[in-house]
Amino acid sequence: MRRCYGRRHNYRHTNYHLREWHRRRRLNLQRNLIIALLAMITLPLMTVPAVAAQTVGDLPAVTGLTSTGLPQDMLIFDRHGTLLADVGDQGDHRIVVPLGYISPNVINATIAIEDHSFYSNTGVDFGAVLRAALADYASHGIKQGGSTISQQLVKQLFIGPHPDNSLQRKAKEAVLAMEMNRRYSKDQILEMYLNTIFYGSQTYGIEAAARSYFQTNAHDLSLAQASLLAGLPQAPTEYNPLLNLTTAKKRQFEVLNAMVEYHFITRQAADAAFATKLTIYPPITHYQAPYFVDYVLKTLAQQYNIHPSDRRGYRVYTTLDLNLQRIAEQVVRDQIAQKGNFYNFHDAALVSEDPRNGEILAMVGGDDYNRPGGWINMADTPRQPGSTFKIFTYTAAIESRKFNMITPILDAPLVFPTWGGVSGFAPYIPLNYDLKYHGVLPLKMAMGNSLNIPAIKTELRVGIPNVLNMARRMGVTHLNQPDDSYSLSLTLGGYEVTPLDMLTGASTLADMGVRHMPAPLLSIKDAAGRDIFTYDPTKNATQALSPQVAFIVGSIMSDDRNRCMEFGCHGDLTLPGRHVAAKTGTTQDFHDNWTLGFTPTLATTVWVGNPNNQPLSHNSTGIVGAAPIWHKFMQQALAGTPDQWYAQPAGLDKIGDNYFLPGTENVPSPVLGWPVCRFGSYNPYNLTWADTLIGGVPCVLGGAPRQIKTKTG
């Protein structure tokens, strides 16, 4: 009995709630019908401001509205206008386009399904309101909507996505819609609507929807595509073709039928559009040249205080050449795939620019942006540069007038009393990469063959502060500690800088001593097309060193004979039939290897290694790791460009194949011998810096204590 009573009780309880639900629905439908009738009577009266204010309260101003004023995405383009990135706000996207750009298929489909009397009504279609209310009442459910395009736009702009169902709210919406129709043309209203309305999948406006669902644009939408999208705003989730394709197709059928009914298309066209099999894409965020896009976003934030979250619709035109970018990405990918496992390098970076203006043309920050940690831009990450840093040492040496390009340098053992070992208090014995000594060589061969002992001697005679000063003048931004923080390993690339730093240095030589800091932006425009920024290379130009010094160093780096001893002749540091300057670098224990080089119109730096600092295998130097990437990129990037080199600048003397600053032809060599320390025995823990100096440079020991070896190439 208890069980039967429970069932009867549950049945009565459920039946009561069902009757109550039907009663409330009838009341709501009756109320909607009454609202529709009242609207037809009262809304015309509310066109009088005083009546409107008394009925619906204060209304927001509808003045000053434009499509371009809508919150929208930042668009980033390459130098030729190709889109690199559509940067939205946490996945939401809106790209405003003018009405004239939007396909007529979209316009006609939208008007047919949403507001067929759009061009003739006053912003409120009173007949549609009444018909919708009667249809809802007759069917005991919500079957039709009576909102015009103007009313839907008002709801989006002023009321919000989840409005209440009060008479006051409906009246406010209607009054604002009519006011909008008095102040704006129908085309202006339609343009704002098509750029405002939500199409699902985090897309607002027809351009973002076209890109998201069909990977096309609003201008090129077919009738089949347009009719599918036009059906979405009424219920973006329910009609989303990615979630409910069957329901979306039914809605598309309704749109096409409406287009036929209102004579926008023929029945045959509607049937053909409905039968078209569409490829629909899930929403994705994909950037071309993602490392460069990240670098641009960082530059915008740091230098211009512009952020994607501003939603100001900035159009950013960059310096990147997407054609060169694709070449760079491919050669990096190929080298890692072909040689990475053998030499144990699994990442690489390449950055290239026009040295005449600093405009970045290609930037590869890694092999795979989407792998774990792959988003780190190694083109802008400090690493030890190895012997590529010697370009600053020898440039400072030439400028000092203590050296010329044939100054003889003795490549022989050096044993410094300190700076070796972990503590720095053991003797330090620098070694060349090949573990050999080569006797007396001219400076140009010491530089070309990247010999460490001559570089250290040159650095110490020039002075570490002067080498630092030269590197900073030429564009290195990461050596910002006090000068006395740096030791003689500076010239061997013992302190971290970025590939961008090294590129700027190489570009300064390439532009005859004129430094341009890396420039990723050509122009910035706001959503209305107004100029925010335009790049002026003349304002980014500094004469960091004389053309004469730059020309001498460039001539050393471009003469393949200067490096044949260590690197072989006619290798990857040359380009067949073309003048080119180049320099390699390999760091201590093979953690990094580099190649940089330039012509008058293109400078490129390449880094190869592992972001986790794992050493490379099989003596992987710059010549086998980075140089092939540099060579292939430069060769392809310069294809079709005639060979170019520099005319000898005035103010240089030439003797044979060698160039000299006037008065330096016969300067005595400061690096043939080296001063020997005056103490016979010593305790490195008790030595002061002054104790080791003779003639302004650190002395060397005359004996042969335990060797603490270091080598780079």
# chains A, B, ... in the order shown; residues from 1 in each chain; ligands from 1

$ residues_around --residues "Leu322 in chain A" --least-positions-apart "5" --cutoff "9 Å" --atoms "only C-alpha atoms" --output "PDB file with N, CA and C atoms, in the first residue's frame"
ATOM      1  N   ASP A  78      52.877  40.718 -44.004  1.00  0.00           N
ATOM      2  CA  ASP A  78      54.263  40.816 -44.435  1.00  0.00           C
ATOM      3  C   ASP A  78      54.426  42.070 -45.299  1.00  0.00           C
ATOM      4  N   ARG A  79      55.608  42.295 -45.823  1.00  0.00           N
ATOM      5  CA  ARG A  79      55.888  43.534 -46.554  1.00  0.00           C
ATOM      6  C   ARG A  79      55.108  43.623 -47.862  1.00  0.00           C
ATOM      7  N   HIS A  80      54.596  42.497 -48.375  1.00  0.00           N
ATOM      8  CA  HIS A  80      53.836  42.497 -49.615  1.00  0.00           C
ATOM      9  C   HIS A  80      52.324  42.478 -49.377  1.00  0.00           C
ATOM     10  N   THR A  82      50.650  40.202 -47.478  1.00  0.00           N
ATOM     11  CA  THR A  82      50.128  38.870 -47.176  1.00  0.00           C
ATOM     12  C   THR A  82      49.912  38.743 -45.672  1.00  0.00           C
ATOM     13  N   LEU A  84      49.963  37.508 -42.118  1.00  0.00           N
ATOM     14  CA  LEU A  84      50.749  36.596 -41.296  1.00  0.00           C
ATOM     15  C   LEU A  84      49.956  36.110 -40.096  1.00  0.00           C
ATOM     16  N   GLN A 288      51.502  32.465 -39.676  1.00  0.00           N
ATOM     17  CA  GLN A 288      52.667  32.247 -40.513  1.00  0.00           C
ATOM     18  C   GLN A 288      53.840  32.982 -39.863  1.00  0.00           C
ATOM     19  N   ALA A 289      55.030  32.399 -39.962  1.00  0.00           N
ATOM     20  CA  ALA A 289      56.232  32.970 -39.339  1.00  0.00           C
ATOM     21  C   ALA A 289      55.972  33.285 -37.864  1.00  0.00           C
ATOM     22  N   ILE A 327      61.823  30.084 -47.517  1.00  0.00           N
ATOM     23  CA  ILE A 327      63.129  29.496 -47.846  1.00  0.00           C
ATOM     24  C   ILE A 327      63.898  29.217 -46.562  1.00  0.00           C
ATOM     25  N   LEU A 361      63.990  40.566 -42.848  1.00  0.00           N
ATOM     26  CA  LEU A 361      63.358  39.917 -43.997  1.00  0.00           C
ATOM     27  C   LEU A 361      62.935  38.487 -43.706  1.00  0.00           C
ATOM     28  N   ALA A 362      63.617  37.830 -42.787  1.00  0.00           N
ATOM     29  CA  ALA A 362      63.283  36.449 -42.416  1.00  0.00           C
ATOM     30  C   ALA A 362      63.719  36.229 -40.982  1.00  0.00           C
TER      31      ALA A 362
END

$ select_by_dssp --residues "range 417-595 of chain A" --states "helix (DSSP H, G or I)" --output "NGL selection string"
:A and (443-448 or 452-462 or 464-473 or 483-485 or 488-492 or 499-510 or 537-540 or 547-558 or 560-562 or 564-567 or 588-590)

$ closest_residue --among "A:Lys186, A:Lys298, A:Arg371, A:Lys539" --to "Phe118 in chain A" --atoms "only C-alpha atoms"
A:Lys186

$ atom_distance --atom1 "CA of Phe660 in chain A" --atom2 "CA of Asn404 in chain A"
6.4 Å

$ closest_residue --among "A:Leu176, A:Ile556, A:Ile206, A:Leu99" --to "Thr63 in chain A" --atoms "only C-alpha atoms"
A:Leu176

$ residues_around --residues "range 105-110 of chain A" --least-positions-apart "2" --cutoff "10 Å" --atoms "only C-alpha atoms" --output "PDB file with C-alpha atoms, in the first residue's frame"
ATOM      1  CA  LEU A  99      29.876  46.611 -47.032  1.00  0.00           C
ATOM      2  CA  ILE A 102      31.028  41.659 -48.648  1.00  0.00           C
ATOM      3  CA  SER A 103      29.634  39.171 -51.146  1.00  0.00           C
ATOM      4  CA  ALA A 112      15.867  37.395 -46.760  1.00  0.00           C
ATOM      5  CA  ILE A 113      16.029  35.397 -43.518  1.00  0.00           C
ATOM      6  CA  GLU A 114      16.324  38.173 -40.954  1.00  0.00           C
ATOM      7  CA  ASP A 115      14.473  41.236 -42.271  1.00  0.00           C
ATOM      8  CA  HIS A 116      13.057  41.097 -45.795  1.00  0.00           C
ATOM      9  CA  ILE A 149      18.204  43.918 -38.496  1.00  0.00           C
ATOM     10  CA  LEU A 190      23.742  46.780 -42.611  1.00  0.00           C
ATOM     11  CA  GLU A 191      27.512  47.189 -42.609  1.00  0.00           C
ATOM     12  CA  LEU A 194      27.296  42.257 -40.632  1.00  0.00           C
ATOM     13  CA  ILE A 206      31.009  37.947 -41.439  1.00  0.00           C
ATOM     14  CA  ALA A 218      33.578  37.696 -46.966  1.00  0.00           C
ATOM     15  CA  HIS A 219      34.151  38.893 -50.517  1.00  0.00           C
ATOM     16  CA  ASP A 220      34.426  35.412 -52.000  1.00  0.00           C
ATOM     17  CA  LEU A 221      31.659  33.522 -50.176  1.00  0.00           C
ATOM     18  CA  SER A 222      29.598  31.377 -52.525  1.00  0.00           C
ATOM     19  CA  LEU A 223      25.822  31.136 -52.317  1.00  0.00           C
ATOM     20  CA  ALA A 224      26.110  27.780 -50.536  1.00  0.00           C
ATOM     21  CA  GLN A 225      28.559  29.170 -47.990  1.00  0.00           C
ATOM     22  CA  ALA A 226      26.688  32.443 -47.522  1.00  0.00           C
ATOM     23  CA  SER A 227      23.313  30.760 -46.979  1.00  0.00           C
ATOM     24  CA  LEU A 228      24.821  28.507 -44.311  1.00  0.00           C
ATOM     25  CA  LEU A 229      26.420  31.416 -42.462  1.00  0.00           C
ATOM     26  CA  ALA A 230      23.355  33.667 -42.753  1.00  0.00           C
ATOM     27  CA  GLY A 231      21.364  31.114 -40.801  1.00  0.00           C
ATOM     28  CA  LEU A 232      23.703  31.093 -37.798  1.00  0.00           C
ATOM     29  CA  PRO A 233      22.953  34.369 -35.944  1.00  0.00           C
ATOM     30  CA  GLN A 252      20.330  26.630 -44.669  1.00  0.00           C
ATOM     31  CA  VAL A 255      17.479  30.613 -45.766  1.00  0.00           C
ATOM     32  CA  LEU A 256      17.518  29.500 -49.395  1.00  0.00           C
ATOM     33  CA  ASN A 257      13.718  29.217 -49.457  1.00  0.00           C
ATOM     34  CA  ALA A 258      13.445  32.750 -48.083  1.00  0.00           C
ATOM     35  CA  MET A 259      15.813  33.973 -50.802  1.00  0.00           C
ATOM     36  CA  VAL A 260      13.592  32.345 -53.416  1.00  0.00           C
ATOM     37  CA  TYR A 262      11.747  37.293 -51.885  1.00  0.00           C
ATOM     38  CA  HIS A 263      13.152  36.921 -55.393  1.00  0.00           C
ATOM     39  CA  PHE A 264      16.854  37.109 -54.607  1.00  0.00           C
ATOM     40  CA  ILE A 265      17.574  33.801 -56.371  1.00  0.00           C
TER      41      ILE A 265
END

$ residues_around --residues "Thr586 in chain A" --least-positions-apart "3" --cutoff "12 Å" --atoms "only C-alpha atoms" --output "VMD selection string"
chain A and resid 383 to 390 432 to 433 450 to 452 492 to 494 583 589 to 596 606 to 609 615 to 616 619 to 627 710 to 713

$ write_last_selection --atoms "N, CA and C atoms" --output "CSV table (one decimal), in the first residue's frame"
chain,number,residue,atom,x,y,z
A,383,ARG,N,73.0,33.5,-26.4
A,383,ARG,CA,73.8,32.3,-26.4
A,383,ARG,C,75.3,32.8,-26.6
A,384,GLN,N,76.2,31.9,-26.2
A,384,GLN,CA,77.6,32.3,-26.5
A,384,GLN,C,77.9,32.2,-28.0
A,385,PRO,N,78.5,33.3,-28.5
A,385,PRO,CA,78.6,33.4,-30.0
A,385,PRO,C,79.9,32.8,-30.6
A,386,GLY,N,80.7,32.2,-29.7
A,386,GLY,CA,82.0,31.6,-30.2
A,386,GLY,C,82.8,32.7,-31.0
A,387,SER,N,83.5,32.2,-32.0
A,387,SER,CA,84.4,33.0,-32.7
A,387,SER,C,83.8,34.0,-33.6
A,388,THR,N,82.5,34.0,-33.8
A,388,THR,CA,81.9,35.1,-34.6
A,388,THR,C,82.1,36.4,-33.9
A,389,PHE,N,82.3,36.4,-32.6
A,389,PHE,CA,82.5,37.6,-31.9
A,389,PHE,C,83.8,38.3,-32.3
A,390,LYS,N,84.7,37.6,-32.9
A,390,LYS,CA,86.0,38.1,-33.3
A,390,LYS,C,85.9,39.3,-34.3
A,432,ASN,N,94.1,26.7,-29.8
A,432,ASN,CA,93.3,26.9,-31.1
A,432,ASN,C,92.4,25.6,-31.3
A,433,TYR,N,91.5,25.8,-32.1
A,433,TYR,CA,90.5,24.7,-32.4
A,433,TYR,C,91.2,23.4,-32.8
A,450,SER,N,90.2,31.9,-37.8
A,450,SER,CA,89.6,31.9,-36.5
A,450,SER,C,90.5,31.3,-35.4
A,451,LEU,N,91.7,31.7,-35.4
A,451,LEU,CA,92.7,31.3,-34.4
A,451,LEU,C,92.5,32.0,-33.1
A,452,ASN,N,92.5,31.3,-32.0
A,452,ASN,CA,92.2,31.8,-30.7
A,452,ASN,C,93.3,32.6,-30.1
A,492,LEU,N,86.6,35.3,-27.5
A,492,LEU,CA,86.3,33.9,-27.9
A,492,LEU,C,84.8,33.6,-27.8
A,493,GLY,N,84.1,34.6,-27.6
A,493,GLY,CA,82.6,34.4,-27.5
A,493,GLY,C,82.1,33.8,-26.2
A,494,GLY,N,82.8,34.2,-25.1
A,494,GLY,CA,82.5,33.6,-23.8
A,494,GLY,C,81.3,34.2,-23.1
A,583,LYS,N,81.8,34.5,-41.5
A,583,LYS,CA,82.6,34.2,-40.3
A,583,LYS,C,81.8,33.1,-39.6
A,589,ASP,N,83.4,23.4,-25.8
A,589,ASP,CA,82.8,22.1,-25.7
A,589,ASP,C,81.6,21.9,-26.7
A,590,PHE,N,81.6,22.6,-27.8
A,590,PHE,CA,80.6,22.4,-28.9
A,590,PHE,C,79.1,22.5,-28.4
A,591,HIS,N,78.8,23.6,-27.6
A,591,HIS,CA,77.5,23.8,-27.2
A,591,HIS,C,76.7,24.6,-28.3
A,592,ASP,N,77.3,25.4,-29.0
A,592,ASP,CA,76.7,26.2,-30.0
A,592,ASP,C,77.6,26.3,-31.2
A,593,ASN,N,77.0,26.4,-32.4
A,593,ASN,CA,77.8,26.8,-33.6
A,593,ASN,C,77.1,27.8,-34.4
A,594,TRP,N,77.8,28.7,-35.1
A,594,TRP,CA,77.3,29.8,-35.7
A,594,TRP,C,77.9,30.0,-37.1
A,595,THR,N,77.2,30.8,-37.9
A,595,THR,CA,77.8,31.4,-39.1
A,595,THR,C,77.0,32.7,-39.4
A,596,LEU,N,77.8,33.7,-39.7
A,596,LEU,CA,77.2,35.0,-40.1
A,596,LEU,C,77.9,35.5,-41.4
A,606,VAL,N,73.1,32.6,-38.5
A,606,VAL,CA,72.5,31.3,-38.2
A,606,VAL,C,73.2,30.8,-37.0
A,607,TRP,N,72.3,30.3,-36.1
A,607,TRP,CA,72.8,29.6,-34.9
A,607,TRP,C,72.2,28.1,-35.0
A,608,VAL,N,73.0,27.2,-34.5
A,608,VAL,CA,72.6,25.8,-34.5
A,608,VAL,C,73.0,25.2,-33.1
A,609,GLY,N,72.2,24.5,-32.5
A,609,GLY,CA,72.5,23.9,-31.2
A,609,GLY,C,71.3,23.2,-30.5
A,615,PRO,N,75.6,19.4,-25.4
A,615,PRO,CA,76.7,19.6,-26.4
A,615,PRO,C,76.4,18.8,-27.7
A,616,LEU,N,77.0,19.3,-28.8
A,616,LEU,CA,76.9,18.7,-30.1
A,616,LEU,C,78.0,17.6,-30.2
A,619,ASN,N,82.6,16.7,-33.2
A,619,ASN,CA,83.3,18.0,-33.5
A,619,ASN,C,82.4,18.9,-34.4
A,620,SER,N,81.2,19.0,-34.0
A,620,SER,CA,80.3,19.8,-34.8
A,620,SER,C,80.6,21.3,-34.7
A,621,THR,N,81.3,21.8,-35.7
A,621,THR,CA,81.6,23.2,-35.7
A,621,THR,C,80.7,24.0,-36.5
A,622,GLY,N,80.9,25.3,-36.5
A,622,GLY,CA,80.0,26.2,-37.4
A,622,GLY,C,80.1,25.8,-38.8
A,623,ILE,N,81.2,25.3,-39.3
A,623,ILE,CA,81.4,25.0,-40.7
A,623,ILE,C,80.5,23.8,-41.1
A,624,VAL,N,80.2,22.9,-40.2
A,624,VAL,CA,79.4,21.7,-40.6
A,624,VAL,C,78.0,21.9,-40.1
A,625,GLY,N,77.7,22.7,-39.1
A,625,GLY,CA,76.3,22.8,-38.6
A,625,GLY,C,75.6,24.0,-39.1
A,626,ALA,N,76.1,25.2,-38.9
A,626,ALA,CA,75.4,26.4,-39.3
A,626,ALA,C,75.7,26.8,-40.7
A,627,ALA,N,76.9,26.6,-41.2
A,627,ALA,CA,77.3,27.1,-42.5
A,627,ALA,C,76.5,26.6,-43.6
A,710,THR,N,91.2,25.5,-23.2
A,710,THR,CA,90.0,26.0,-23.7
A,710,THR,C,90.1,26.1,-25.2
A,711,LYS,N,89.1,25.8,-25.9
A,711,LYS,CA,89.2,25.9,-27.4
A,711,LYS,C,87.9,26.3,-28.0
A,712,THR,N,87.9,27.2,-28.9
A,712,THR,CA,86.7,27.5,-29.7
A,712,THR,C,87.1,27.7,-31.1
A,713,GLY,N,86.1,27.7,-32.0
A,713,GLY,CA,86.4,27.9,-33.4
A,713,GLY,C,85.4,28.7,-34.1

$ residues_around --residues "Asp653 in chain A" --least-positions-apart "3" --cutoff "9 Å" --atoms "only C-alpha atoms" --output "MDAnalysis selection string"
chainID A and resid 650 658:663 665

$ select_by_dssp --residues "range 151-394 of chain A" --states "strand (DSSP E)" --output "PDB file with C-alpha atoms, in the first residue's frame"
ATOM      1  CA  PHE A 198      27.844  36.601 -33.594  1.00  0.00           C
ATOM      2  CA  TYR A 199      28.254  33.591 -35.895  1.00  0.00           C
ATOM      3  CA  GLY A 200      29.424  31.055 -33.338  1.00  0.00           C
ATOM      4  CA  THR A 203      33.610  34.644 -34.503  1.00  0.00           C
ATOM      5  CA  TYR A 204      31.948  38.044 -34.658  1.00  0.00           C
ATOM      6  CA  ARG A 315      46.788  46.852 -39.228  1.00  0.00           C
ATOM      7  CA  VAL A 316      50.491  46.152 -38.812  1.00  0.00           C
ATOM      8  CA  TYR A 317      52.621  46.005 -41.955  1.00  0.00           C
ATOM      9  CA  THR A 318      55.944  44.354 -41.254  1.00  0.00           C
ATOM     10  CA  ASP A 347      67.288  23.256 -33.124  1.00  0.00           C
ATOM     11  CA  ALA A 348      68.437  26.200 -35.172  1.00  0.00           C
ATOM     12  CA  ALA A 349      67.716  29.867 -35.705  1.00  0.00           C
ATOM     13  CA  LEU A 350      68.141  32.090 -38.734  1.00  0.00           C
ATOM     14  CA  VAL A 351      67.589  35.816 -38.969  1.00  0.00           C
ATOM     15  CA  SER A 352      68.217  37.891 -42.077  1.00  0.00           C
ATOM     16  CA  GLU A 353      67.860  41.561 -42.903  1.00  0.00           C
ATOM     17  CA  ASP A 354      68.579  44.246 -45.441  1.00  0.00           C
ATOM     18  CA  GLU A 359      64.527  45.698 -42.111  1.00  0.00           C
ATOM     19  CA  ILE A 360      64.142  42.083 -40.983  1.00  0.00           C
ATOM     20  CA  LEU A 361      63.358  39.917 -43.997  1.00  0.00           C
ATOM     21  CA  ALA A 362      63.283  36.449 -42.416  1.00  0.00           C
ATOM     22  CA  MET A 363      63.277  35.120 -38.860  1.00  0.00           C
ATOM     23  CA  VAL A 364      63.258  31.471 -37.881  1.00  0.00           C
TER      24      VAL A 364
END

$ closest_residue --among "A:Tyr682, A:Trp674, A:Met445, A:Ala174" --to "Cys564 in chain A" --atoms "only C-alpha atoms"
A:Met445

$ closest_residue --among "A:Ile532, A:Ala273, A:Ala235, A:Ala426" --to "Tyr304 in chain A" --atoms "only C-alpha atoms"
A:Ile532

$ atom_distance --atom1 "CA of Leu509 in chain A" --atom2 "CA of Thr605 in chain A"
13.3 Å

$ atom_distance --atom1 "CA of Gln156 in chain A" --atom2 "CA of Arg311 in chain A"
16.8 Å

$ residues_around --residues "Ser400 in chain A" --least-positions-apart "4" --cutoff "9 Å" --atoms "only C-alpha atoms" --output "list in words"
Thr395, Ala396, Val462 and Asn466 of chain A
